[in-house]
file model33.txt (compact mmCIF, C-alpha atoms)
# COMPACT_ATOMS: atom_id res chain seq x y z
CA MET A 1 0.86 -56.65 24.31
CA GLN A 2 3.44 -56.00 21.69
CA ASP A 3 5.97 -53.26 21.37
CA ILE A 4 6.01 -51.25 18.21
CA SER A 5 8.55 -48.46 18.31
CA LEU A 6 7.44 -44.88 17.92
CA MET A 7 9.29 -44.64 14.61
CA GLN A 8 7.48 -47.69 13.28
CA GLN A 9 4.12 -46.29 14.35
CA LEU A 10 4.94 -42.95 12.77
CA SER A 11 5.97 -44.47 9.46
CA ARG A 12 3.02 -46.88 9.28
CA LEU A 13 0.52 -44.15 10.08
CA GLY A 14 2.26 -41.66 7.79
CA ILE A 15 2.03 -44.05 4.86
CA ALA A 16 -1.61 -44.77 5.72
CA PHE A 17 -2.34 -41.03 5.80
CA LEU A 18 -1.22 -40.81 2.17
CA SER A 19 -4.26 -42.93 1.22
CA ASN A 20 -6.47 -40.37 2.99
CA LEU A 21 -4.85 -37.55 1.01
CA ALA A 22 -5.01 -39.58 -2.21
CA PHE A 23 -8.79 -39.01 -2.27
CA LEU A 24 -8.36 -35.27 -2.43
CA PRO A 25 -7.39 -34.62 -6.09
CA PHE A 26 -10.19 -36.87 -7.42
CA VAL A 27 -12.86 -35.58 -5.06
CA LEU A 28 -11.91 -31.93 -5.58
CA ALA A 29 -11.85 -32.20 -9.36
CA ILE A 30 -15.24 -33.95 -9.49
CA GLY A 31 -16.74 -31.73 -6.77
CA ILE A 32 -15.67 -28.45 -8.36
CA ILE A 33 -16.67 -29.34 -11.93
CA LEU A 34 -20.04 -30.89 -11.04
CA GLY A 35 -20.60 -28.24 -8.38
CA ILE A 36 -20.18 -25.47 -10.94
CA VAL A 37 -22.46 -27.20 -13.44
CA ILE A 38 -25.20 -27.73 -10.84
CA ALA A 39 -24.82 -24.16 -9.61
CA PHE A 40 -25.39 -22.80 -13.13
CA VAL A 41 -28.33 -25.12 -13.81
CA ARG A 42 -30.00 -23.95 -10.60
CA PHE A 43 -29.04 -20.32 -11.17
CA HIS A 44 -30.65 -20.28 -14.62
CA ARG A 45 -33.66 -22.20 -13.25
CA ILE A 46 -33.63 -24.74 -16.06
CA PRO A 47 -37.02 -26.42 -15.60
CA VAL A 48 -37.29 -29.93 -14.10
CA LEU A 49 -33.50 -30.38 -13.99
CA SER A 50 -33.11 -27.47 -11.60
CA GLN A 51 -35.80 -28.67 -9.19
CA THR A 52 -34.53 -32.25 -9.23
CA LEU A 53 -31.00 -31.12 -8.47
CA THR A 54 -32.23 -28.83 -5.68
CA VAL A 55 -33.95 -31.74 -3.96
CA LEU A 56 -30.92 -34.02 -4.38
CA VAL A 57 -28.49 -31.39 -3.10
CA GLU A 58 -30.67 -30.66 -0.07
CA ILE A 59 -31.08 -34.35 0.75
CA VAL A 60 -27.31 -34.85 0.69
CA ARG A 61 -26.76 -31.72 2.78
CA GLY A 62 -29.44 -32.80 5.22
CA SER A 63 -28.08 -36.33 5.73
CA PRO A 64 -25.17 -37.35 7.91
CA PHE A 65 -22.10 -38.33 5.90
CA LEU A 66 -21.95 -41.74 7.56
CA ILE A 67 -25.44 -42.76 6.45
CA ILE A 68 -24.61 -41.72 2.87
CA VAL A 69 -21.48 -43.87 3.10
CA TYR A 70 -23.45 -46.87 4.38
CA ALA A 71 -26.26 -46.35 1.87
CA ILE A 72 -23.89 -46.26 -1.13
CA TYR A 73 -21.85 -49.13 0.27
CA PHE A 74 -24.96 -51.32 0.64
CA ALA A 75 -26.86 -50.10 -2.41
CA LEU A 76 -24.17 -50.33 -5.11
CA PRO A 77 -23.78 -54.13 -5.01
CA TYR A 78 -27.57 -54.36 -4.95
CA VAL A 79 -27.80 -52.65 -8.34
CA GLY A 80 -24.91 -54.72 -9.65
CA ILE A 81 -21.98 -52.33 -9.25
CA GLU A 82 -18.96 -53.77 -7.47
CA LEU A 83 -16.49 -51.16 -6.24
CA GLY A 84 -13.37 -51.43 -4.12
CA ALA A 85 -12.98 -49.49 -0.89
CA PHE A 86 -11.05 -46.65 -2.54
CA GLN A 87 -13.56 -46.23 -5.37
CA THR A 88 -16.46 -46.32 -2.90
CA GLY A 89 -14.66 -43.60 -0.97
CA ILE A 90 -14.26 -41.46 -4.07
CA VAL A 91 -17.96 -41.87 -4.92
CA VAL A 92 -19.29 -40.91 -1.47
CA LEU A 93 -16.81 -38.11 -0.85
CA SER A 94 -17.53 -36.68 -4.31
CA ILE A 95 -21.30 -36.80 -3.79
CA THR A 96 -20.98 -34.81 -0.55
CA ALA A 97 -18.36 -32.39 -1.88
CA THR A 98 -20.44 -31.76 -5.02
CA ALA A 99 -23.58 -30.99 -3.00
CA TYR A 100 -21.82 -28.56 -0.67
CA LEU A 101 -19.70 -26.93 -3.39
CA SER A 102 -22.69 -26.46 -5.72
CA GLU A 103 -24.37 -24.49 -2.93
CA VAL A 104 -21.19 -22.46 -2.40
CA PHE A 105 -20.94 -21.59 -6.10
CA ARG A 106 -24.65 -20.85 -6.36
CA SER A 107 -24.40 -18.41 -3.46
CA GLY A 108 -21.42 -16.83 -5.22
CA LEU A 109 -23.46 -16.49 -8.42
CA VAL A 110 -26.44 -14.99 -6.62
CA ALA A 111 -24.21 -12.52 -4.81
CA MET A 112 -22.51 -11.38 -8.01
CA ASP A 113 -23.21 -7.98 -9.48
CA LYS A 114 -25.70 -8.21 -12.37
CA GLY A 115 -23.71 -5.55 -14.22
CA GLN A 116 -20.96 -8.10 -14.83
CA PHE A 117 -23.30 -10.26 -16.91
CA GLU A 118 -24.74 -7.29 -18.75
CA ALA A 119 -21.34 -5.78 -19.53
CA ALA A 120 -20.03 -9.09 -20.86
CA GLU A 121 -23.13 -9.44 -23.00
CA ALA A 122 -22.84 -5.87 -24.26
CA LEU A 123 -19.29 -6.69 -25.41
CA GLY A 124 -20.78 -9.42 -27.60
CA MET A 125 -19.24 -12.35 -25.73
CA SER A 126 -20.62 -15.82 -26.26
CA TYR A 127 -22.18 -17.57 -23.24
CA PHE A 128 -19.17 -19.85 -22.89
CA LYS A 129 -16.71 -16.96 -23.03
CA LYS A 130 -18.79 -14.93 -20.62
CA VAL A 131 -18.83 -17.71 -18.06
CA THR A 132 -15.22 -18.85 -18.32
CA LEU A 133 -13.58 -15.44 -18.67
CA ILE A 134 -15.77 -13.13 -16.60
CA ILE A 135 -18.03 -14.98 -14.19
CA LEU A 136 -16.05 -18.01 -13.00
CA PRO A 137 -12.77 -16.25 -12.11
CA GLN A 138 -14.67 -13.82 -9.88
CA ILE A 139 -16.78 -16.52 -8.27
CA ILE A 140 -13.79 -18.75 -7.56
CA LYS A 141 -12.15 -15.77 -5.87
CA THR A 142 -15.10 -14.81 -3.67
CA THR A 143 -15.90 -18.40 -2.71
CA MET A 144 -12.26 -19.38 -2.04
CA PRO A 145 -12.69 -19.40 1.78
CA SER A 146 -15.60 -21.85 1.45
CA ILE A 147 -13.70 -24.00 -1.07
CA VAL A 148 -10.77 -24.28 1.34
CA GLY A 149 -13.29 -25.06 4.11
CA GLN A 150 -14.70 -27.85 1.96
CA ILE A 151 -11.17 -29.23 1.45
CA VAL A 152 -10.76 -29.43 5.24
CA MET A 153 -14.16 -31.14 5.53
CA THR A 154 -13.26 -33.66 2.83
CA ILE A 155 -9.93 -34.50 4.49
CA LYS A 156 -11.67 -35.05 7.82
CA ASP A 157 -14.44 -37.09 6.17
CA THR A 158 -11.91 -39.50 4.64
CA SER A 159 -11.59 -40.97 8.15
CA ILE A 160 -15.20 -42.17 7.97
CA VAL A 161 -14.50 -44.24 4.86
CA SER A 162 -12.49 -46.49 7.20
CA LEU A 163 -15.84 -47.73 8.51
CA VAL A 164 -16.60 -49.49 5.22
CA GLY A 165 -13.26 -51.23 4.94
CA MET A 166 -10.89 -48.60 3.56
CA VAL A 167 -7.44 -49.11 5.06
CA GLU A 168 -6.35 -45.60 5.93
CA ILE A 169 -4.86 -43.80 8.91
CA VAL A 170 -7.73 -44.24 11.39
CA ARG A 171 -8.15 -47.93 10.64
CA THR A 172 -4.39 -48.45 10.87
CA SER A 173 -4.32 -46.62 14.20
CA ARG A 174 -6.95 -48.98 15.58
CA GLN A 175 -4.91 -51.98 14.42
CA ILE A 176 -1.84 -50.54 16.13
CA MET A 177 -3.89 -49.82 19.25
CA GLN A 178 -4.98 -53.44 19.43
CA LEU A 179 -1.32 -54.51 19.34
CA THR A 180 0.17 -51.97 21.74
CA LEU A 181 -2.92 -51.50 23.95
CA ASN A 182 -1.98 -47.83 24.09
CA PRO A 183 -4.76 -45.82 22.45
CA PHE A 184 -3.29 -42.43 23.38
CA MET A 185 -0.09 -42.89 21.41
CA ALA A 186 -1.74 -44.12 18.21
CA PHE A 187 -4.59 -41.58 18.21
CA SER A 188 -2.24 -38.74 19.15
CA ILE A 189 -0.08 -39.48 16.12
CA VAL A 190 -3.20 -39.59 13.94
CA SER A 191 -4.33 -36.25 15.35
CA VAL A 192 -0.94 -34.68 14.69
CA PHE A 193 -1.08 -35.75 11.03
CA PHE A 194 -4.56 -34.27 10.60
CA ILE A 195 -3.60 -31.07 12.44
CA LEU A 196 -0.48 -30.62 10.30
CA VAL A 197 -2.63 -30.61 7.16
CA CYS A 198 -5.96 -29.14 8.31
CA TYR A 199 -4.93 -26.40 10.72
CA PRO A 200 -2.94 -24.35 8.17
CA LEU A 201 -5.87 -24.68 5.74
CA ILE A 202 -8.29 -23.36 8.37
CA ILE A 203 -5.99 -20.37 8.95
CA VAL A 204 -5.78 -19.77 5.18
CA SER A 205 -9.58 -19.95 4.91
CA LYS A 206 -9.95 -17.37 7.70
CA LYS A 207 -7.32 -15.07 6.14
CA LEU A 208 -9.05 -15.26 2.76
CA GLU A 209 -12.39 -14.47 4.36
CA GLY A 210 -10.89 -11.42 6.06
CA GLY A 211 -9.38 -10.32 2.75
CA ASN A 212 -12.67 -10.63 0.89
CA ASN A 213 -14.62 -8.62 3.41
CA ARG A 214 -12.32 -5.65 3.17
CA MET B 1 -40.42 -50.19 -6.42
CA LEU B 2 -40.10 -49.62 -2.70
CA ASP B 3 -41.49 -52.32 -0.48
CA MET B 4 -44.12 -50.50 1.55
CA ARG B 5 -44.88 -53.50 3.75
CA LEU B 6 -41.27 -53.69 4.84
CA ILE B 7 -41.26 -49.96 5.59
CA SER B 8 -44.40 -50.11 7.71
CA GLN B 9 -43.08 -53.20 9.49
CA TYR B 10 -39.92 -51.43 10.55
CA LEU B 11 -41.39 -47.98 11.01
CA PRO B 12 -41.81 -48.30 14.82
CA GLU B 13 -38.16 -49.32 15.11
CA PHE B 14 -37.12 -46.33 12.99
CA PHE B 15 -39.11 -43.97 15.18
CA GLU B 16 -37.50 -45.43 18.30
CA ALA B 17 -34.13 -44.85 16.68
CA LEU B 18 -35.10 -41.30 15.75
CA PHE B 19 -35.95 -40.71 19.39
CA GLU B 20 -32.53 -42.04 20.40
CA THR B 21 -30.85 -39.72 17.88
CA LEU B 22 -32.75 -36.75 19.25
CA LYS B 23 -31.90 -37.77 22.81
CA VAL B 24 -28.16 -37.94 22.06
CA ALA B 25 -28.33 -34.64 20.16
CA ALA B 26 -30.34 -32.83 22.85
CA LEU B 27 -28.08 -33.97 25.71
CA SER B 28 -24.90 -33.15 23.78
CA GLY B 29 -26.45 -29.86 22.70
CA VAL B 30 -27.06 -28.73 26.28
CA PHE B 31 -23.52 -29.60 27.39
CA ALA B 32 -22.06 -28.08 24.22
CA LEU B 33 -23.93 -24.85 24.87
CA ILE B 34 -22.48 -24.66 28.39
CA ILE B 35 -18.94 -25.48 27.19
CA GLY B 36 -19.27 -23.10 24.26
CA THR B 37 -20.48 -20.19 26.38
CA VAL B 38 -17.75 -20.58 29.01
CA VAL B 39 -14.98 -21.08 26.44
CA GLY B 40 -16.38 -18.27 24.30
CA ILE B 41 -16.25 -15.83 27.21
CA ILE B 42 -12.73 -16.97 28.16
CA SER B 43 -11.56 -16.45 24.58
CA THR B 44 -12.45 -12.75 24.72
CA MET B 45 -10.10 -12.21 27.67
CA LYS B 46 -6.80 -10.45 27.10
CA SER B 47 -4.57 -12.79 29.12
CA LYS B 48 -2.33 -15.20 27.19
CA LEU B 49 -2.98 -17.73 29.95
CA ALA B 50 -6.62 -17.82 28.86
CA ILE B 51 -6.23 -17.58 25.10
CA ILE B 52 -3.60 -20.28 24.54
CA PRO B 53 -5.50 -23.24 26.08
CA VAL B 54 -8.66 -22.13 24.32
CA GLY B 55 -6.76 -21.88 21.03
CA ILE B 56 -5.37 -25.39 21.46
CA TYR B 57 -8.82 -26.78 22.29
CA THR B 58 -10.66 -25.21 19.36
CA GLY B 59 -7.72 -25.79 16.99
CA PHE B 60 -7.58 -29.49 17.90
CA ILE B 61 -11.33 -30.00 17.56
CA ARG B 62 -11.56 -28.19 14.23
CA SER B 63 -8.53 -29.87 12.66
CA THR B 64 -9.21 -33.50 13.56
CA PRO B 65 -12.06 -35.78 12.47
CA LEU B 66 -14.89 -36.32 14.93
CA LEU B 67 -14.35 -40.07 14.56
CA VAL B 68 -10.83 -39.71 15.99
CA GLN B 69 -12.17 -37.56 18.85
CA LEU B 70 -14.77 -40.24 19.57
CA TYR B 71 -12.09 -42.95 19.64
CA PHE B 72 -9.95 -40.77 21.91
CA VAL B 73 -12.76 -40.51 24.44
CA HIS B 74 -14.04 -44.07 24.14
CA TYR B 75 -10.72 -45.95 24.06
CA GLY B 76 -8.44 -43.38 25.65
CA LEU B 77 -10.27 -42.38 28.84
CA PRO B 78 -10.63 -45.96 30.23
CA ILE B 79 -6.80 -46.15 30.30
CA THR B 80 -6.81 -43.25 32.78
CA GLY B 81 -9.25 -45.17 34.96
CA ILE B 82 -12.44 -43.40 33.86
CA MET B 83 -14.90 -46.09 32.84
CA LEU B 84 -17.55 -44.99 30.38
CA THR B 85 -20.49 -46.59 28.64
CA SER B 86 -20.75 -46.11 24.87
CA PHE B 87 -23.56 -43.65 25.43
CA GLN B 88 -21.49 -41.54 27.84
CA SER B 89 -18.47 -41.57 25.49
CA ALA B 90 -20.64 -40.39 22.63
CA ILE B 91 -22.17 -37.56 24.67
CA ILE B 92 -18.74 -36.39 25.88
CA ALA B 93 -17.22 -36.47 22.38
CA PHE B 94 -20.16 -34.68 20.73
CA SER B 95 -20.36 -32.07 23.51
CA LEU B 96 -16.65 -31.27 23.30
CA ASN B 97 -16.81 -31.13 19.51
CA SER B 98 -19.89 -28.96 19.23
CA GLY B 99 -18.75 -26.86 22.19
CA ALA B 100 -15.68 -25.73 20.26
CA TYR B 101 -17.75 -24.54 17.31
CA ILE B 102 -20.28 -22.86 19.60
CA SER B 103 -17.46 -21.07 21.45
CA GLU B 104 -16.46 -19.46 18.14
CA ILE B 105 -20.05 -18.35 17.56
CA VAL B 106 -20.32 -16.96 21.13
CA ARG B 107 -16.97 -15.19 20.74
CA GLY B 108 -18.18 -13.58 17.53
CA GLY B 109 -21.38 -12.51 19.25
CA LEU B 110 -19.50 -11.03 22.21
CA ALA B 111 -17.10 -9.19 19.91
CA SER B 112 -20.00 -7.59 18.05
CA MET B 113 -21.50 -6.18 21.26
CA ASP B 114 -21.30 -2.46 21.86
CA LYS B 115 -18.72 -1.68 24.57
CA GLY B 116 -21.12 0.89 26.05
CA GLN B 117 -23.38 -1.91 27.25
CA SER B 118 -20.90 -3.36 29.72
CA GLU B 119 -19.54 0.06 30.66
CA ALA B 120 -23.04 1.31 31.47
CA SER B 121 -23.94 -1.71 33.60
CA ARG B 122 -20.61 -1.60 35.43
CA ALA B 123 -21.24 2.11 36.08
CA LEU B 124 -24.59 1.12 37.57
CA GLY B 125 -22.72 -0.97 40.11
CA LEU B 126 -23.37 -4.43 38.65
CA SER B 127 -20.58 -6.95 39.14
CA TRP B 128 -18.83 -8.50 36.13
CA PHE B 129 -20.84 -11.69 36.58
CA GLN B 130 -24.14 -9.81 36.84
CA THR B 131 -23.25 -7.75 33.77
CA MET B 132 -22.61 -10.92 31.77
CA ARG B 133 -25.66 -12.78 33.01
CA LEU B 134 -28.21 -9.98 32.96
CA ILE B 135 -27.04 -7.58 30.26
CA ILE B 136 -24.56 -9.04 27.78
CA LEU B 137 -25.41 -12.72 27.34
CA PRO B 138 -29.17 -12.28 26.76
CA GLN B 139 -28.44 -9.85 23.94
CA VAL B 140 -25.66 -12.03 22.52
CA PHE B 141 -27.83 -15.15 22.48
CA LYS B 142 -30.62 -13.33 20.74
CA LYS B 143 -28.18 -12.26 18.08
CA ILE B 144 -26.48 -15.64 17.57
CA LEU B 145 -29.62 -17.77 17.63
CA PRO B 146 -29.60 -18.51 13.86
CA PRO B 147 -25.98 -19.81 13.78
CA LEU B 148 -26.65 -21.77 16.98
CA ILE B 149 -29.57 -23.48 15.28
CA SER B 150 -27.36 -24.35 12.30
CA GLN B 151 -24.77 -25.75 14.68
CA PHE B 152 -27.46 -27.90 16.30
CA SER B 153 -28.40 -29.10 12.84
CA TYR B 154 -24.77 -30.19 12.27
CA LEU B 155 -24.76 -31.81 15.71
CA ILE B 156 -27.75 -33.97 14.80
CA LYS B 157 -25.95 -35.14 11.69
CA ASP B 158 -22.76 -35.75 13.67
CA THR B 159 -24.57 -38.00 16.14
CA SER B 160 -24.74 -40.59 13.35
CA LEU B 161 -21.17 -41.48 14.37
CA ALA B 162 -22.64 -42.93 17.57
CA ALA B 163 -23.47 -45.88 15.33
CA VAL B 164 -19.79 -46.81 15.55
CA LEU B 165 -20.23 -47.38 19.29
CA VAL B 166 -23.32 -49.55 18.69
CA ILE B 167 -25.77 -47.00 20.06
CA PRO B 168 -29.20 -47.80 18.57
CA GLU B 169 -29.75 -44.44 16.88
CA LEU B 170 -30.95 -43.85 13.31
CA THR B 171 -27.80 -44.64 11.35
CA TYR B 172 -27.02 -47.77 13.35
CA THR B 173 -30.61 -48.98 13.03
CA ALA B 174 -30.60 -48.31 9.29
CA ARG B 175 -27.46 -50.36 8.87
CA LYS B 176 -28.80 -53.16 11.03
CA ILE B 177 -32.06 -53.37 9.12
CA ALA B 178 -30.24 -53.16 5.78
CA ALA B 179 -28.03 -56.07 6.78
CA ARG B 180 -31.05 -58.06 7.97
CA THR B 181 -33.41 -57.46 5.06
CA TYR B 182 -31.05 -56.86 2.10
CA MET B 183 -33.28 -53.94 1.16
CA PRO B 184 -30.87 -50.99 1.13
CA PHE B 185 -33.24 -48.48 -0.48
CA GLU B 186 -35.99 -48.91 2.09
CA SER B 187 -33.61 -49.30 5.04
CA PHE B 188 -31.66 -46.13 4.30
CA GLY B 189 -34.41 -44.15 2.59
CA VAL B 190 -36.63 -43.86 5.66
CA PRO B 191 -33.92 -42.63 8.08
CA MET B 192 -32.53 -40.27 5.46
CA LEU B 193 -35.99 -38.74 5.08
CA MET B 194 -36.15 -38.39 8.87
CA TYR B 195 -32.79 -36.63 9.00
CA PHE B 196 -33.89 -34.48 6.08
CA GLY B 197 -37.11 -33.55 7.88
CA ILE B 198 -35.20 -32.35 10.95
CA TYR B 199 -32.71 -30.48 8.77
CA LEU B 200 -35.52 -28.76 6.90
CA ILE B 201 -37.37 -27.74 10.07
CA LEU B 202 -34.19 -26.28 11.60
CA ALA B 203 -33.22 -24.53 8.35
CA LEU B 204 -36.64 -22.91 8.07
CA LEU B 205 -36.60 -21.97 11.76
CA SER B 206 -33.18 -20.33 11.40
CA ARG B 207 -34.27 -18.54 8.23
CA PHE B 208 -37.44 -17.33 9.93
CA ILE B 209 -35.63 -15.96 12.98
CA SER B 210 -32.84 -14.23 11.09
CA GLY B 211 -35.25 -13.01 8.43
CA LYS B 212 -37.05 -11.04 11.10
CA LYS B 213 -33.91 -9.14 12.06
CA GLU B 214 -32.02 -8.58 8.83
CA PRO B 215 -34.10 -9.80 5.92
CA GLY B 216 -32.66 -12.87 4.27
CA ARG B 217 -29.02 -12.05 4.83
CA SER B 218 -27.73 -14.14 7.66
CA ALA B 219 -29.87 -17.14 6.76
CA ARG B 220 -28.19 -17.13 3.37
CA ARG B 221 -24.87 -16.83 5.07
CA TRP B 222 -25.38 -19.68 7.51
CA PHE B 223 -27.32 -22.04 5.33
CA GLY B 224 -25.87 -21.02 2.01
CA PHE B 225 -22.17 -21.50 2.57
CA GLY B 226 -21.90 -24.97 4.04
CA LYS B 227 -20.26 -25.84 7.31
CA VAL B 228 -18.10 -23.20 8.91
CA VAL B 229 -14.80 -24.89 9.67
call {"tool": "encode", "arguments": {"input": "model33.txt", "output": "structure tokens"}}
result
Amino acid sequence: MQDISLMQQLSRLGIAFLSNLAFLPFVLAIGIILGIVIAFVRFHRIPVLSQTLTVLVEIVRGSPFLIIVYAIYFALPYVGIELGAFQTGIVVLSITATAYLSEVFRSGLVAMDKGQFEAAEALGMSYFKKVTLIILPQIIKTTMPSIVGQIVMTIKDTSIVSLVGMVEIVRTSRQIMQLTLNPFMAFSIVSVFFILVCYPLIIVSKKLEGGNNR
Amino acid sequence: MLDMRLISQYLPEFFEALFETLKVAALSGVFALIIGTVVGIISTMKSKLAIIPVGIYTGFIRSTPLLVQLYFVHYGLPITGIMLTSFQSAIIAFSLNSGAYISEIVRGGLASMDKGQSEASRALGLSWFQTMRLIILPQVFKKILPPLISQFSYLIKDTSLAAVLVIPELTYTARKIAARTYMPFESFGVPMLMYFGIYLILALLSRFISGKKEPGRSARRWFGFGKVV
């Protein structure tokens, strides 16, 4: 048994938590962009592409995150792609975020008033203008609660990337636990870090949902 | 191409693992339903003494990763003198986790009930407990069945974390066979199809049930918008 002061534990785990949060900008950017593209492809029912994407999205949504992580982790070297732990994390987190977000955006598209499309068309807007100026801003607004929900899910899922070798907060906490033999302290600190970030987001998501319904 | 011989060779093992997954999910599901119902009822009470602990419980569960909760139970409880097998730890962690989400669903269901229902049954001389058991809860459960099914679908996916505690369920078995055979596509493809099959059955079931009551609306809501955090 070895004594590591509370301050040392806090700083080590805090620094490790930054690697969890470092995933977020990459995963969100990829997830939102690809999610929107897939949503539009499926919304317009572009033949073959639309059906293929539907199946892929549903398979990802139907599978546990951990098995996707393991599958990618084992399969990538098999097809000759060597990725570090962080890159593997970005790939798996982005795949999941894209699948869920595409469904969120598609639901937003389906729920949108048809008149919006028709009005934009009547004004002579090009497809690109119509989408970027009229459709997307409204969809982003109505789906905001789900987007924030997805952010919370992604942050929580980063912990699972520790299982394929990513050194982040949960892995660090287990290392500390093995030194101090005090699991409560290490895991409590980890929980506090996650709560500090995720709980406010959950509240925001709920507030936004309430605002949209009114 | 996929190696069919390998798949058929390991198929019995995969089905055994599927059974283990379903066993963990079913056991956790039953406990989660009990926890969720009790906590859900408590959360509708006016007293601060009731609301604050419930708020801390659901807030903690929803803000922290399930993996951390699993570690808490598996490595934390033995320190307090409670010795648990991996299987027991997994069931406790999944029940507590799912219970928190179910409590929110139950609370929503209770809140949507007409006040007249409980007033009428109290006027008829039924006790509070009888009112809950005979009048309110049956109606609530009928109403919240679709979201409960979705929650069970998430629970099945969450049980994959039991692999971390070396419980021979689907994800653990897939990993083991992948490491043994160096055939990742076959080893992960079969279990993923199994998970997908369960997901599809539950999604269709939920859609069917909710479609009967309010055509197509709540199914879209529960299966269209991802996990409710």
call {"tool": "residues_around", "arguments": {"input": "model33.txt", "residues": "A:Phe187", "least_positions_apart": "5", "cutoff": "12 Å", "atoms": "only C-alpha atoms", "output": "ChimeraX atom specification"}}
result
/A:9-10,13,169-178,180-182,192-194 /B:64-65,67-76
call {"tool": "closest_residue", "arguments": {"input": "model33.txt", "among": "A:Ile151, A:Leu179, A:Ile95, A:Val110", "to": "A:Leu28", "atoms": "only C-alpha atoms"}}
result
A:Ile151
call {"tool": "closest_residue", "arguments": {"input": "model33.txt", "among": "A:Ile140, A:Val104, A:Ala122, A:Val204", "to": "chain B", "atoms": "only C-alpha atoms"}}
result
A:Val104
call {"tool": "closest_residue", "arguments": {"input": "model33.txt", "among": "A:Ile46, A:Met125, A:Val57, A:Leu93", "to": "chain B", "atoms": "all atoms listed in the file"}}
result
A:Val57
call {"tool": "residues_around", "arguments": {"input": "model33.txt", "residues": "B:Gly99", "least_positions_apart": "6", "cutoff": "9 Å", "atoms": "all atoms listed in the file", "output": "list in words"}}
result
Ser28, Gly29, Phe31, Ala32, Leu33, Ile34, Ile35, Gly36, Thr37, Val39 and Thr58 of chain B
call {"tool": "closest_atom_pairs", "arguments": {"input": "model33.txt", "of": "chain B", "to": "chain A", "cutoff": "9 Å", "atoms": "only C-alpha atoms", "output": "CSV"}}
result
residue,atom,partner,partner_atom,distance
B:Gly59,CA,A:Tyr199,CA,6.9
B:Phe60,CA,A:Ile195,CA,6.9
B:Arg62,CA,A:Tyr199,CA,7.7
B:Ser63,CA,A:Ile195,CA,5.1
B:Thr64,CA,A:Phe194,CA,5.6
B:Pro65,CA,A:Lys156,CA,4.7
B:Leu66,CA,A:Lys156,CA,7.9
B:Leu67,CA,A:Ile160,CA,7.0
B:Val68,CA,A:Phe187,CA,6.9
B:Gln69,CA,A:Phe187,CA,8.6
B:Tyr71,CA,A:Phe187,CA,7.8
B:Phe72,CA,A:Phe187,CA,6.6
B:Tyr75,CA,A:Pro183,CA,6.2
B:Gly76,CA,A:Pro183,CA,5.5
B:Leu77,CA,A:Phe184,CA,8.9
B:Ile79,CA,A:Asn182,CA,8.0
B:Ser153,CA,A:Gly62,CA,8.5
B:Tyr154,CA,A:Pro64,CA,8.4
B:Ile156,CA,A:Pro64,CA,8.1
B:Lys157,CA,A:Pro64,CA,4.4
B:Asp158,CA,A:Pro64,CA,6.4
B:Thr159,CA,A:Pro64,CA,8.3
B:Ser160,CA,A:Pro64,CA,6.3
B:Leu161,CA,A:Leu66,CA,6.9
B:Ala163,CA,A:Leu66,CA,8.9
B:Val164,CA,A:Leu163,CA,8.1
B:Leu170,CA,A:Ile67,CA,8.9
B:Thr171,CA,A:Ile67,CA,5.8
B:Tyr172,CA,A:Ile67,CA,8.7
B:Ala174,CA,A:Ile67,CA,8.1
B:Arg175,CA,A:Tyr70,CA,7.0
B:Ala178,CA,A:Phe74,CA,7.6
B:Ala179,CA,A:Phe74,CA,8.3
B:Tyr182,CA,A:Tyr78,CA,8.3
B:Met183,CA,A:Ala75,CA,8.3
B:Pro184,CA,A:Ala75,CA,5.4
B:Phe185,CA,A:Ala75,CA,6.9
B:Ser187,CA,A:Ala71,CA,8.5
B:Phe188,CA,A:Ala71,CA,5.9
B:Gly189,CA,A:Ala71,CA,8.5
B:Pro191,CA,A:Ile67,CA,8.6
B:Met192,CA,A:Ser63,CA,5.9
B:Leu193,CA,A:Ile59,CA,7.9
B:Met194,CA,A:Ser63,CA,8.9
B:Tyr195,CA,A:Ser63,CA,5.7
B:Phe196,CA,A:Gly62,CA,4.8
B:Gly197,CA,A:Gly62,CA,8.2
B:Ile198,CA,A:Gly62,CA,8.1
B:Tyr199,CA,A:Gly62,CA,5.4
B:Leu200,CA,A:Gly62,CA,7.5
B:Arg220,CA,A:Ser107,CA,7.9
B:Arg221,CA,A:Ser107,CA,8.7
B:Gly224,CA,A:Glu103,CA,6.2
B:Phe225,CA,A:Val104,CA,5.2
B:Gly226,CA,A:Tyr100,CA,5.9
B:Lys227,CA,A:Gly149,CA,7.7
B:Val228,CA,A:Gly149,CA,7.0
B:Val229,CA,A:Gly149,CA,5.8
call {"tool": "atom_distance", "arguments": {"input": "model33.txt", "atom1": "atom CA of B:Gln9", "atom2": "atom CA of B:Val190"}}
result
12.0 Å
call {"tool": "atom_distance", "arguments": {"input": "model33.txt", "atom1": "atom CA of A:Val161", "atom2": "atom CA of B:Ile105"}}
result
29.4 Å
call {"tool": "residues_around", "arguments": {"input": "model33.txt", "residues": "A:Gln87", "least_positions_apart": "2", "cutoff": "12 Å", "atoms": "only C-alpha atoms", "output": "list in words"}}
result
Ser19, Ala22, Phe23, Phe26, Val27, Val69, Ile72, Tyr73, Leu76, Ile81, Glu82, Leu83, Gly84, Ala85, Gly89, Ile90, Val91, Val92, Leu93, Ser94, Val161, Val164, Gly165 and Met166 of chain A
call {"tool": "atom_distance", "arguments": {"input": "model33.txt", "atom1": "atom CA of B:Leu126", "atom2": "atom CA of B:Phe141"}}
result
19.9 Å
call {"tool": "residues_around", "arguments": {"input": "model33.txt", "residues": "A:Ala29", "least_positions_apart": "4", "cutoff": "10 Å", "atoms": "all atoms listed in the file", "output": "ChimeraX atom specification"}}
result
/A:24-25,33-35,94,97-98
